[in-house]
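Heads up, the thing below is written out as structure tokens.
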Amino acid sequence: MECHIGVISGDGIGPEIVAEAKKVLTAVGKKYGHDFIYTDILMGGCSIDATGVPLTDQAIAAAKASDAVLMGSIGGDAATSPWYRLPPDKRPEAGLLALRKALNLFANLRPASLYPELAAACPLRADVAGAGFDMVIVRELTGGLYFGARKTEEVDGVVTATDTLSYSETEIRRVAKRAFDIASKRRKKVTSVDKANVLDSSRLWRKIVDEVAAGYPDVECAHMLVDNCAMQLVKDPAQFDVVLTENMFGDILSDEASMVTGSIGMLPSASLNDTKFGLYEPSGGSAPDIAGKGIANPIATILSAAMMLRYSFDLDAEADAVENAVKAVLAEGYRTIDIMPRPGEPTDGIKKVGTKEIGDAISERC
Ligand code: IPM
Ligand code: MG
């Protein structure tokens, strides 16, 4: 099979972690007889430096012409980088938001599960971590506060800033269906998270989710308020299968869910539209503090490439091979710095390695 992959290496640790994901894809392609053809696409700070804007029309066209896009990370240190002296709509993040919108990537899948090998990295109490967990957050990605009208204005010497949270029933229904489809292939439970005790948009969200749920009689549907969900994620993460939520809540809860797995460096994500196309990226950011040091954890990006094989190319066996190679490498004791045992925990058989070494180990085991 021939697959055309757009590659957004981006900023910070992006180029280092994407290189390892490409290495793993090349190994898989060799073994299973696929041609992965890469087109580099500029986005984020590197695009600002080269073109003056975080995402050009040409970059959008190149992404649209690909079968799928693999992304590293974008952005820099907001306190020191000149990119953050630009107006908000010219900063690196604006490129990512514009790309999500241009490609209509409304469903963002963020799986968070605890690898038994990394149980010691989990910050939860041993009895809670011991129960394990395996959830997918389905975050709405092209609506809500991120894309509502916003303005900052001064009236009678007082500055007021406004952001708008609005959702149409169409936007809610399509992402809810995606969540129920995913749950029906998993443990058959959707927890829809909102703030229906306060927000109109959440009350509509709840109503439409209930309507969609009626079409999936074998999937349990529960509603949970977002503040309670933030608490439940650390109290009893095992209760969650699919968590469905709007854009901003999903942004916050997915960072929380990722951290209870032990490291944000482990978590992949897929942003999907109505077609087979997807944008695949690690859940973590550009980590400018460790960029260029060769110590970043590429596993989230490698697992994002596995999601790409599964969702955009229907290459399930190949995706399994990548995921199993990651598990094997962890079981053999390979660790990047972020997933090293904490002080006082056993280090027998643990091998501290850098970005390239763990990428090599995973690609050799695919
Ligand atoms: C994420 C990121 C982005 C978001 C930023 C970089 C705009 O935090 O993908 O979670 O808020 O969606
Ligand atoms: Mg985020």
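Just so we're on the same page: first chain in the structure tokens is A, next is B, and so on; residues restart at 1 for each chain, and ligands are numbered from 1 in the order they show up.
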Find the residues near range 312-315 of chain A: any atom within 10 Å, counting only C-alpha atoms, skip ones fewer than 3 places away on the same chain, and give them as a JSON list (two decimals) with C-alpha atoms, in the first residue's frame.
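What ended up in selection35.json:
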[["chain", "number", "residue", "atom", "x", "y", "z"],
["A", 1, "MET", "CA", 0.00, 0.00, 0.00],
["A", 2, "GLU", "CA", 1.20, 3.52, -0.81],
["A", 3, "CYS", "CA", 0.45, 6.12, 1.88],
["A", 32, "TYR", "CA", 4.75, -5.38, 5.77],
["A", 67, "ASP", "CA", -3.84, 10.83, 3.26],
["A", 68, "ALA", "CA", -2.97, 11.72, 6.85],
["A", 69, "VAL", "CA", -0.75, 14.16, 8.75],
["A", 270, "ALA", "CA", -5.91, 11.44, 16.67],
["A", 272, "LEU", "CA", -10.53, 13.01, 12.81],
["A", 275, "THR", "CA", -13.43, 10.84, 6.14],
["A", 276, "LYS", "CA", -10.45, 8.55, 6.68],
["A", 277, "PHE", "CA", -8.17, 11.58, 6.94],
["A", 278, "GLY", "CA", -6.65, 12.32, 10.34],
["A", 279, "LEU", "CA", -4.07, 14.50, 12.07],
["A", 280, "TYR", "CA", -2.00, 12.50, 14.53],
["A", 306, "ALA", "CA", 0.17, 3.62, 15.22],
["A", 307, "MET", "CA", -3.21, 5.36, 15.50],
["A", 308, "MET", "CA", -2.65, 6.69, 11.98],
["A", 309, "LEU", "CA", -2.02, 3.17, 10.68],
["A", 318, "GLU", "CA", 0.78, -3.01, 11.61],
["A", 319, "ALA", "CA", -0.65, -0.76, 14.36],
["A", 320, "ASP", "CA", -0.65, -3.72, 16.76]]
Can you tell me which residues come within 9 Å of ligand 2 when counting only C-alpha atoms and all ligand atoms, ideally as a compact mmCIF listing (two decimals) with N, CA and C atoms, in the first residue's frame?
# COMPACT_ATOMS: atom_id res chain seq x y z
N MET A 248 -12.97 22.88 25.38
CA MET A 248 -12.17 23.41 26.49
C MET A 248 -12.07 22.42 27.66
N GLY A 250 -12.30 19.29 27.42
CA GLY A 250 -11.47 18.18 26.94
C GLY A 250 -9.99 18.53 26.96
N ASP A 251 -9.67 19.79 26.69
CA ASP A 251 -8.28 20.23 26.74
C ASP A 251 -7.75 20.03 28.16
N ILE A 252 -8.53 20.46 29.13
CA ILE A 252 -8.09 20.41 30.52
C ILE A 252 -8.08 18.97 31.05
N LEU A 253 -9.17 18.26 30.83
CA LEU A 253 -9.27 16.89 31.37
C LEU A 253 -8.25 15.95 30.72
N SER A 254 -7.91 16.19 29.44
CA SER A 254 -6.96 15.27 28.81
C SER A 254 -5.55 15.47 29.37
N ASP A 255 -5.20 16.69 29.73
CA ASP A 255 -3.90 16.87 30.40
C ASP A 255 -3.90 16.16 31.75
N SER A 283 -0.01 14.09 22.72
CA SER A 283 -0.82 15.02 23.52
C SER A 283 0.02 16.12 24.17
N GLY A 284 1.31 15.86 24.30
CA GLY A 284 2.16 16.83 25.00
C GLY A 284 2.59 17.98 24.10
N GLY A 285 3.28 18.93 24.67
CA GLY A 285 3.67 20.13 23.94
C GLY A 285 5.12 20.08 23.43
- Pick out each residue of range 74-294 of chain A that DSSP on the backbone tags as alpha helix (DSSP H); I need them as number ranges by chain. A: 92-102, 126-130, 169-184, 200-214, 226-235, 247-260
- Determine the nearest neighbour of Asp210 in chain A from the options A:Thr80, A:Asn197, A:Gln232, A:Thr191, counting only C-alpha atoms.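 Of A:Thr80, A:Asn197, A:Gln232, A:Thr191, the one nearest Asp210 in chain A, counting only C-alpha atoms, is A:Thr191.
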- Just the residues within 10 Å of Asp89 in chain A, please, counting only C-alpha atoms, with nothing from its chain fewer than 4 positions along; format it as a VMD selection string. chain A and resid 53 to 54 93 to 95 97 to 98
- Message: I want to know what sits within 10 Å of range 166-177 of chain A, based on only C-alpha atoms, with residues of the same chain fewer than 5 positions away left out; could you give that as a PyMOL selection string?
- Response: chain A and resi 106-108+138-149+182-183+190+192+199-202+204-213+215-216+244-246+272-274
- Query: For ligand 1, which residue among A:Val128, A:Met224, A:Ala230, A:Ile74 is the nearest when counting only C-alpha atoms and all ligand atoms?
  - Reply: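 Result for the nearest residue to ligand 1: A:Ile74.
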